[in-house]
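A.B. asks: First the structure, then my questions, so here it is.
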Amino acid sequence: MGAIHFTIEKRAPRSGARAGILKTPHGVIQTPAFVPVGTKADVKGIFPEQLEKLGAQVVLANTYHLYLQPGEKIVQDAGGLAKFMNWKGSPRGASAEWGPTMTDSGGFQVFSLGAAFGKTISKFARSNLAEQEVVAKPVIYDEDVASQHGQLAIIDDEGVSFTSHLDGSLHRFTPERSVEIQHALGADMFFAFDECTSPTEPYEYQREAMERTHRWAERSLKAHRQNSDAQKKQALFGIVQGGRFEDLRRESAREIASLGFDGIGIGGSFSKEDMRGALRAAVGELPEELPRHFLGIGEPGDILEGIANGMDLFDCVAATRIGRHGSIYTKQGIIHLKNEKYRNDFSPLDPETSVPGIEGFTRAYVSHLSRSGETLGGVIASIHNIGFILQLVAGARQAILDGKFDEYRANFVHEYYG
RNA sequence: GCAUCGGUGGCGGAGUGGUCAAUCGCAACAGACUGUAAAUCUGUCGGGCAUAGCCCUACGAAGGUUCAAAUCCUUCCCGGUGCA
């Protein structure tokens with residue numbers, strides 16, 4: 001018996017969508033569920049209590065960040081991630097004092113600190129970028145090479161060497177080390193260390209990275225199984241990679257599913273086209289009974305696409321990031337509150353969405369705060385966006401239970417994307 | 001009144017004979033952002049057009065010197081400072 005227990009309550013008739021119950025040591029999560037990202041053990045700008053009011057059931061923090069600062073030992077000594085950040089969760093677990101949490105493995109930082117450095121490569125860059133644009137990747141860590149290339153992370157088969165973005169000090173992650181750190185952080189669910197590739201990588205490199213991710217998956221699992229105490233309290237998710245290539249996704253899903261993880265994460269990059277191809281290919285190989293987490297996916301339309309393809313969990317920084325940058329989700333699409341036309345728009349942030357705790361704020365007010373650089377503007381917009389996404393996903397769950405998911409999705413997409 | 005320093009694009013502030021429609025910052029206008037090195041980054045930012053270019057108007061005002069002036073000279077206007 002693992003640390004978590006997942007049951008499917010209801011399946012949509014004409015799509016892969018499903019509503020489930022995910023029981024964790026720190027409470028129950030009703031799926032599909034959106035997982036707000038609290039990288040450094042805080043969802044930027046939002047109190048845990050506010051997150052609970054918004055309906056967040058679980059939050060996700062990051063291994064790389066917490067390892068560097070304050071160090072996993074501090075979090076462990078604090079009593080684990082949930083207690084450290086005073087996260088109680090909602091709805092409350094029957095007996096748990098603290099709420100459900102997840103941690104990411106640091107695998108994404110292999111991408112964001114390595115290949116994606118310089119902001120030239122978007123995680124969602126078009127998949128048809130010319131192959132020759134891809135930069136050759138060194139596989140042996142060399143400090144001079146790393147600094148010359150401006151990269152903070154260099155990958156080899158054993159693991160990843162990287163320099164801290166905080167002080168430049170040299171560090172190394174291996175699958176075993178990532179698992180060890182995540183045991184210390186103590187989240188209910190955590191991810192195997194993987195290599196998140198750039199979408200521009202050619203087929204051969206995607207295969208190489210995928211196979212490395214598979215080997216790392218086995219090592220992560222082995223490291224986890226050697227800690228029987230952690231195994232009782234924490235669930236380990238393996239991550240499917242394979243880039244935009246359907247055959248690789250299929251192969252990766254089959255491999256990861258065969259290893260005996262408690263849950264499955266689907267990582268990497270997905271353009272709109274890849275959603276329908278690579279994602280579907282991967283999901284087709286996954287066992288029904290394991291919870292599926294769509295890593296890093298959080299735009300409204302993408303979430304609904306994921307749900308339609310049978311994904312259960314989603315995490316994303318977009319809601320809080322675009323909020324801090326002055327943009328909000330509305331039922332009619334995303335709007336940029338800093339735009340001139342909102343300076344004297346005294347209507348609610350989204351007339352069709354009521355978010356607890358911020359009902360009275362107008363577009364003009366938040367526009368003013370964002371324009372003038374006031375912290376509160378980003379806070380209100382972040383709360384609104386998290387609330388919006390949580391309501392969207394909660395609505396999707398209810399629609400699945402009511403047997404009307406397709407209609408729900410079509411209506412939303414029609415309004416949102418016009 | 002005398003002396004002295006200064007008046008540059010919405011603001012601040014570079015530039016002191018040609019490569020200047022004028023560095024840079026701010027503001028403004030728009031865009032990007034999907035497992036957060038992101039309260040960040042990018043573009044535009046005198047006017048017009050057939051916009052990787054061309055034309056016009058511009059560096060307080062008016063004259064002048066020069067092949068060429070935001071830059072040099074003269075006068076005037078305005079502001080700061082000092083002395084009466």
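Each chain in the structure tokens gets a letter, A, B and so on, in the order shown; residues start at 1 in every chain, and ligands are counted from 1 in the order they appear.
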Could you list the residues in chain A lying within 7 Å of chain B, using only C-alpha atoms (C1' of nucleotides), and format the result as a VMD selection string?
C.D. replies: chain A and resid 39 104 108 165 295 to 299 315 to 318 322 324 to 325 375 378
A.B. asks: Keeping C-alpha atoms for every residue in the selection just given, could you write it to a file as an mmCIF file, in the first residue's frame?
C.D. replies:
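part_17.cif, freshly written:
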```cif
data_model
loop_
_atom_site.group_PDB
_atom_site.id
_atom_site.type_symbol
_atom_site.label_atom_id
_atom_site.label_comp_id
_atom_site.auth_asym_id
_atom_site.auth_seq_id
_atom_site.Cartn_x
_atom_site.Cartn_y
_atom_site.Cartn_z
ATOM 1 C CA THR A 39 8.453 27.485 -5.651
ATOM 2 C CA ASP A 104 9.171 19.149 -8.113
ATOM 3 C CA PHE A 108 12.879 21.645 -14.811
ATOM 4 C CA HIS A 165 22.011 31.429 -9.369
ATOM 5 C CA LEU A 295 3.639 19.435 -15.403
ATOM 6 C CA GLY A 296 3.733 23.148 -15.977
ATOM 7 C CA ILE A 297 0.413 23.377 -17.755
ATOM 8 C CA GLY A 298 -1.886 26.129 -16.694
ATOM 9 C CA GLU A 299 -3.385 28.258 -19.451
ATOM 10 C CA ASP A 315 0.529 23.062 -11.883
ATOM 11 C CA CYS A 316 1.573 26.328 -13.419
ATOM 12 C CA VAL A 317 3.259 29.599 -12.572
ATOM 13 C CA ALA A 318 1.390 31.561 -15.209
ATOM 14 C CA ILE A 322 1.059 37.222 -15.395
ATOM 15 C CA ARG A 324 2.351 40.266 -11.102
ATOM 16 C CA HIS A 325 2.894 41.569 -14.600
ATOM 17 C CA THR A 375 2.854 45.330 -4.656
ATOM 18 C CA GLY A 378 0.240 41.993 -8.306
#
```
A.B. asks: If you run DSSP on the backbone, which residues of segment 185-271 of chain A are strand (DSSP E or B), as a list of chain:residue names?
C.D. replies: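 Taking segment 185-271 of chain A and keeping strand (DSSP E or B) gives A:Met189, A:Phe190, A:Phe191, A:Ala235, A:Leu236, A:Phe237, A:Gly238, A:Ile239, A:Val240, A:Gly263, A:Ile264, A:Gly265, A:Ile266.
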A.B. asks: Write the selection just made, keeping N, CA and C atoms, as a short mmCIF file (atom, residue, chain, number, x, y, z; two decimals), in the first residue's frame?
C.D. replies:
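part_24.cif, written as the output of this step:
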```
data_model
loop_
_atom_site.label_atom_id
_atom_site.label_comp_id
_atom_site.auth_asym_id
_atom_site.auth_seq_id
_atom_site.Cartn_x
_atom_site.Cartn_y
_atom_site.Cartn_z
N MET A 189 3.62 14.13 -2.26
CA MET A 189 3.92 13.59 -3.58
C MET A 189 5.12 14.33 -4.13
N PHE A 190 6.01 13.60 -4.76
CA PHE A 190 7.17 14.27 -5.34
C PHE A 190 7.56 13.59 -6.65
N PHE A 191 8.42 14.27 -7.38
CA PHE A 191 8.74 13.79 -8.73
C PHE A 191 10.15 13.23 -8.84
N ALA A 235 4.56 9.74 -1.89
CA ALA A 235 4.36 9.06 -3.17
C ALA A 235 5.31 9.64 -4.21
N LEU A 236 5.82 8.76 -5.05
CA LEU A 236 6.77 9.19 -6.08
C LEU A 236 6.14 9.09 -7.47
N PHE A 237 6.22 10.17 -8.21
CA PHE A 237 5.71 10.22 -9.58
C PHE A 237 6.87 10.14 -10.56
N GLY A 238 6.74 9.30 -11.55
CA GLY A 238 7.73 9.25 -12.63
C GLY A 238 7.31 10.20 -13.74
N ILE A 239 8.28 10.65 -14.51
CA ILE A 239 7.96 11.66 -15.52
C ILE A 239 8.20 11.16 -16.94
N VAL A 240 7.17 11.30 -17.75
CA VAL A 240 7.23 10.95 -19.17
C VAL A 240 7.84 12.11 -19.94
N GLY A 263 2.44 7.53 -9.25
CA GLY A 263 1.72 8.44 -10.13
C GLY A 263 2.60 8.78 -11.31
N ILE A 264 2.00 9.40 -12.31
CA ILE A 264 2.73 9.72 -13.53
C ILE A 264 2.70 11.22 -13.79
N GLY A 265 3.84 11.76 -14.11
CA GLY A 265 3.90 13.15 -14.53
C GLY A 265 4.20 13.18 -16.01
N ILE A 266 3.60 14.11 -16.72
CA ILE A 266 3.97 14.29 -18.11
C ILE A 266 4.66 15.64 -18.21
#
```
A.B. asks: Near Val35 of chain A, within 7 Å and counting only C-alpha atoms (C1' of nucleotides), which residues show up once chain neighbours fewer than 4 positions away are dropped, as a PDB file with N, CA and C atoms, in the first residue's frame?
C.D. replies:
```pdb
ATOM      1  N   ALA A  56      -7.819  26.097  -3.259  1.00  0.00           N
ATOM      2  CA  ALA A  56      -6.624  25.304  -3.550  1.00  0.00           C
ATOM      3  C   ALA A  56      -6.569  24.110  -2.596  1.00  0.00           C
ATOM      4  N   VAL A  58      -3.906  21.716  -2.837  1.00  0.00           N
ATOM      5  CA  VAL A  58      -2.532  21.237  -2.724  1.00  0.00           C
ATOM      6  C   VAL A  58      -1.625  22.279  -3.373  1.00  0.00           C
ATOM      7  N   VAL A  59      -0.402  22.409  -2.870  1.00  0.00           N
ATOM      8  CA  VAL A  59       0.551  23.335  -3.484  1.00  0.00           C
ATOM      9  C   VAL A  59       1.847  22.602  -3.802  1.00  0.00           C
ATOM     10  N   LEU A  60       2.595  23.148  -4.729  1.00  0.00           N
ATOM     11  CA  LEU A  60       3.832  22.511  -5.178  1.00  0.00           C
ATOM     12  C   LEU A  60       5.029  23.437  -4.980  1.00  0.00           C
ATOM     13  N   LEU A 313      -4.035  16.289 -12.657  1.00  0.00           N
ATOM     14  CA  LEU A 313      -3.424  17.365 -11.880  1.00  0.00           C
ATOM     15  C   LEU A 313      -2.647  18.301 -12.798  1.00  0.00           C
ATOM     16  N   PHE A 314      -2.662  19.572 -12.424  1.00  0.00           N
ATOM     17  CA  PHE A 314      -1.978  20.593 -13.227  1.00  0.00           C
ATOM     18  C   PHE A 314      -1.293  21.586 -12.294  1.00  0.00           C
ATOM     19  N   ASP A 315      -0.093  21.984 -12.639  1.00  0.00           N
ATOM     20  CA  ASP A 315       0.529  23.062 -11.883  1.00  0.00           C
ATOM     21  C   ASP A 315       1.049  24.068 -12.884  1.00  0.00           C
TER      22      ASP A 315
END
```
A.B. asks: Just the residues within 9 Å of segment 11-18 of chain B, please, counting only C-alpha atoms (C1' of nucleotides), with nothing from its chain fewer than 5 positions along; format it as a list in words.
C.D. replies: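 Returned residues: U23, C24, G25, C26, A27, U66, A68, A69, A70, U71 and C72 of chain B.
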A.B. asks: Compile the contact shell of Ala17 of chain A as a short mmCIF file (atom, residue, chain, number, x, y, z; two decimals) with N, CA and C atoms, in the first residue's frame: residues with an atom at most 6 Å away, counting only C-alpha atoms (C1' of nucleotides), same-chain residues fewer than 2 positions apart removed.
C.D. replies:
```cif
data_model
loop_
_atom_site.label_atom_id
_atom_site.label_comp_id
_atom_site.auth_asym_id
_atom_site.auth_seq_id
_atom_site.Cartn_x
_atom_site.Cartn_y
_atom_site.Cartn_z
N ARG A 11 -16.22 8.92 -15.33
CA ARG A 11 -15.53 9.21 -16.58
C ARG A 11 -16.48 9.90 -17.54
N ALA A 12 -15.93 10.81 -18.31
CA ALA A 12 -16.75 11.49 -19.31
C ALA A 12 -17.05 10.51 -20.44
N SER A 15 -14.89 11.66 -23.99
CA SER A 15 -13.49 12.06 -23.98
C SER A 15 -12.78 11.27 -22.89
N ILE A 307 -7.42 17.93 -19.43
CA ILE A 307 -8.51 17.20 -18.75
C ILE A 307 -9.21 16.28 -19.75
N ALA A 308 -9.45 16.82 -20.94
CA ALA A 308 -10.13 16.02 -21.96
C ALA A 308 -9.32 14.79 -22.33
N ASN A 309 -7.99 14.90 -22.14
CA ASN A 309 -7.13 13.77 -22.45
C ASN A 309 -6.81 12.91 -21.23
N GLY A 310 -7.55 13.14 -20.16
CA GLY A 310 -7.41 12.25 -19.02
C GLY A 310 -6.37 12.65 -17.99
#
```
A.B. asks: Please provide as a list in words all residues within 12 Å of U81 of chain B, with the sequence filter that same-chain residues fewer than 5 positions apart are discarded (counting only C-alpha atoms (C1' of nucleotides)).
C.D. replies: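 The filter keeps A3, U4, C5 and G6 of chain B.
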A.B. asks: Out of segment 206-292 of chain A, which residues get helix (DSSP H, G or I) from DSSP, as a ChimeraX atom specification?
C.D. replies: /A:206-225,228-233,246-258,272-283
A.B. asks: How would the residues just picked look written out with N, CA and C atoms as a compact mmCIF listing (two decimals), in the first residue's frame?
C.D. replies:
```txt
# COMPACT_ATOMS: atom_id res chain seq x y z
N GLN A 206 16.32 14.33 -28.25
CA GLN A 206 15.14 14.03 -27.44
C GLN A 206 15.16 12.56 -26.99
N ARG A 207 15.59 11.70 -27.90
CA ARG A 207 15.66 10.27 -27.54
C ARG A 207 16.71 10.05 -26.46
N GLU A 208 17.86 10.68 -26.66
CA GLU A 208 18.94 10.54 -25.69
C GLU A 208 18.49 11.01 -24.30
N ALA A 209 17.87 12.18 -24.28
CA ALA A 209 17.41 12.75 -23.00
C ALA A 209 16.32 11.90 -22.39
N MET A 210 15.45 11.39 -23.22
CA MET A 210 14.36 10.55 -22.74
C MET A 210 14.91 9.27 -22.11
N GLU A 211 15.87 8.66 -22.79
CA GLU A 211 16.44 7.42 -22.25
C GLU A 211 17.19 7.70 -20.95
N ARG A 212 17.83 8.86 -20.89
CA ARG A 212 18.51 9.23 -19.65
C ARG A 212 17.48 9.43 -18.54
N THR A 213 16.39 10.07 -18.89
CA THR A 213 15.31 10.29 -17.92
C THR A 213 14.77 8.94 -17.42
N HIS A 214 14.70 7.97 -18.30
CA HIS A 214 14.22 6.64 -17.89
C HIS A 214 15.20 6.00 -16.90
N ARG A 215 16.48 6.13 -17.20
CA ARG A 215 17.47 5.54 -16.28
C ARG A 215 17.42 6.27 -14.93
N TRP A 216 17.24 7.56 -15.02
CA TRP A 216 17.14 8.34 -13.77
C TRP A 216 15.86 7.98 -13.01
N ALA A 217 14.82 7.64 -13.74
CA ALA A 217 13.56 7.26 -13.11
C ALA A 217 13.75 5.99 -12.28
N GLU A 218 14.44 5.03 -12.87
CA GLU A 218 14.69 3.79 -12.14
C GLU A 218 15.53 4.04 -10.89
N ARG A 219 16.52 4.90 -11.06
CA ARG A 219 17.39 5.21 -9.91
C ARG A 219 16.63 5.97 -8.84
N SER A 220 15.74 6.88 -9.27
CA SER A 220 14.93 7.61 -8.30
C SER A 220 14.05 6.66 -7.50
N LEU A 221 13.46 5.75 -8.23
CA LEU A 221 12.55 4.78 -7.60
C LEU A 221 13.32 3.88 -6.62
N LYS A 222 14.48 3.46 -7.04
CA LYS A 222 15.30 2.60 -6.18
C LYS A 222 15.69 3.34 -4.91
N ALA A 223 16.08 4.60 -5.08
CA ALA A 223 16.47 5.41 -3.91
C ALA A 223 15.28 5.59 -2.97
N HIS A 224 14.12 5.75 -3.55
CA HIS A 224 12.92 5.93 -2.72
C HIS A 224 12.59 4.66 -1.95
N ARG A 225 12.75 3.53 -2.62
CA ARG A 225 12.38 2.26 -1.99
C ARG A 225 13.34 1.86 -0.89
N SER A 228 12.19 3.13 3.68
CA SER A 228 10.85 2.59 3.91
C SER A 228 9.97 3.56 4.67
N ASP A 229 10.60 4.38 5.49
CA ASP A 229 9.84 5.36 6.25
C ASP A 229 9.20 6.38 5.30
N ALA A 230 10.04 6.90 4.41
CA ALA A 230 9.54 7.89 3.44
C ALA A 230 8.50 7.27 2.52
N GLN A 231 8.72 6.01 2.19
CA GLN A 231 7.82 5.35 1.26
C GLN A 231 6.39 5.27 1.79
N LYS A 232 6.28 5.19 3.09
CA LYS A 232 4.93 5.13 3.69
C LYS A 232 4.24 6.48 3.65
N LYS A 233 5.03 7.53 3.67
CA LYS A 233 4.45 8.87 3.79
C LYS A 233 4.44 9.68 2.50
N GLU A 246 5.67 11.77 -31.16
CA GLU A 246 4.65 10.84 -30.65
C GLU A 246 5.23 9.47 -30.32
N ASP A 247 6.12 8.98 -31.16
CA ASP A 247 6.65 7.64 -30.88
C ASP A 247 7.49 7.65 -29.60
N LEU A 248 8.22 8.74 -29.37
CA LEU A 248 9.01 8.83 -28.15
C LEU A 248 8.09 8.95 -26.93
N ARG A 249 7.06 9.73 -27.06
CA ARG A 249 6.11 9.88 -25.96
C ARG A 249 5.47 8.54 -25.61
N ARG A 250 5.13 7.81 -26.63
CA ARG A 250 4.50 6.50 -26.43
C ARG A 250 5.47 5.57 -25.72
N GLU A 251 6.68 5.55 -26.22
CA GLU A 251 7.72 4.69 -25.64
C GLU A 251 8.01 5.09 -24.20
N SER A 252 8.09 6.40 -23.97
CA SER A 252 8.41 6.89 -22.63
C SER A 252 7.29 6.55 -21.65
N ALA A 253 6.06 6.76 -22.08
CA ALA A 253 4.92 6.47 -21.20
C ALA A 253 4.89 5.00 -20.83
N ARG A 254 5.15 4.15 -21.82
CA ARG A 254 5.14 2.70 -21.59
C ARG A 254 6.22 2.33 -20.56
N GLU A 255 7.40 2.92 -20.77
CA GLU A 255 8.53 2.62 -19.88
C GLU A 255 8.25 3.12 -18.45
N ILE A 256 7.85 4.36 -18.32
CA ILE A 256 7.62 4.94 -16.99
C ILE A 256 6.49 4.20 -16.28
N ALA A 257 5.47 3.86 -17.04
CA ALA A 257 4.32 3.15 -16.45
C ALA A 257 4.71 1.77 -15.94
N SER A 258 5.74 1.19 -16.53
CA SER A 258 6.11 -0.19 -16.18
C SER A 258 6.94 -0.27 -14.91
N LYS A 272 0.20 23.78 -28.95
CA LYS A 272 -1.20 23.38 -29.15
C LYS A 272 -1.30 22.10 -29.99
N GLU A 273 -0.43 22.03 -30.98
CA GLU A 273 -0.48 20.85 -31.85
C GLU A 273 -0.03 19.60 -31.09
N ASP A 274 1.03 19.79 -30.27
CA ASP A 274 1.56 18.65 -29.53
C ASP A 274 0.55 18.10 -28.53
N MET A 275 -0.33 19.00 -28.05
CA MET A 275 -1.35 18.57 -27.10
C MET A 275 -2.16 17.42 -27.69
N ARG A 276 -2.49 17.60 -28.95
CA ARG A 276 -3.36 16.61 -29.57
C ARG A 276 -2.62 15.37 -30.03
N GLY A 277 -1.33 15.54 -30.29
CA GLY A 277 -0.57 14.40 -30.76
C GLY A 277 0.23 13.72 -29.68
N ALA A 278 1.28 14.39 -29.23
CA ALA A 278 2.21 13.79 -28.28
C ALA A 278 1.53 13.45 -26.95
N LEU A 279 0.67 14.36 -26.48
CA LEU A 279 0.00 14.08 -25.21
C LEU A 279 -0.89 12.86 -25.31
N ARG A 280 -1.68 12.82 -26.36
CA ARG A 280 -2.60 11.70 -26.55
C ARG A 280 -1.83 10.39 -26.68
N ALA A 281 -0.71 10.46 -27.38
CA ALA A 281 0.11 9.27 -27.55
C ALA A 281 0.60 8.75 -26.20
N ALA A 282 1.02 9.70 -25.35
CA ALA A 282 1.54 9.31 -24.04
C ALA A 282 0.44 8.73 -23.17
N VAL A 283 -0.67 9.45 -23.10
CA VAL A 283 -1.76 9.03 -22.21
C VAL A 283 -2.29 7.64 -22.61
```
A.B. asks: What separation in Å, quoted to one decimal, exists between atom CA of Val110 of chain A and atom CA of Ala153 of chain A?
C.D. replies: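 Here the two named atoms are 6.0 Å from each other.
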A.B. asks: Would you kindly return, as JSON, numbers by chain, each protein, DNA or RNA residue with an atom no farther than 9 Å from any atom of segment 48-59 of chain B, considering only C-alpha atoms (C1' of nucleotides) and excluding same-chain residues fewer than 4 positions away?
C.D. replies: {"B": [8, 9, 21, 22, 70]}
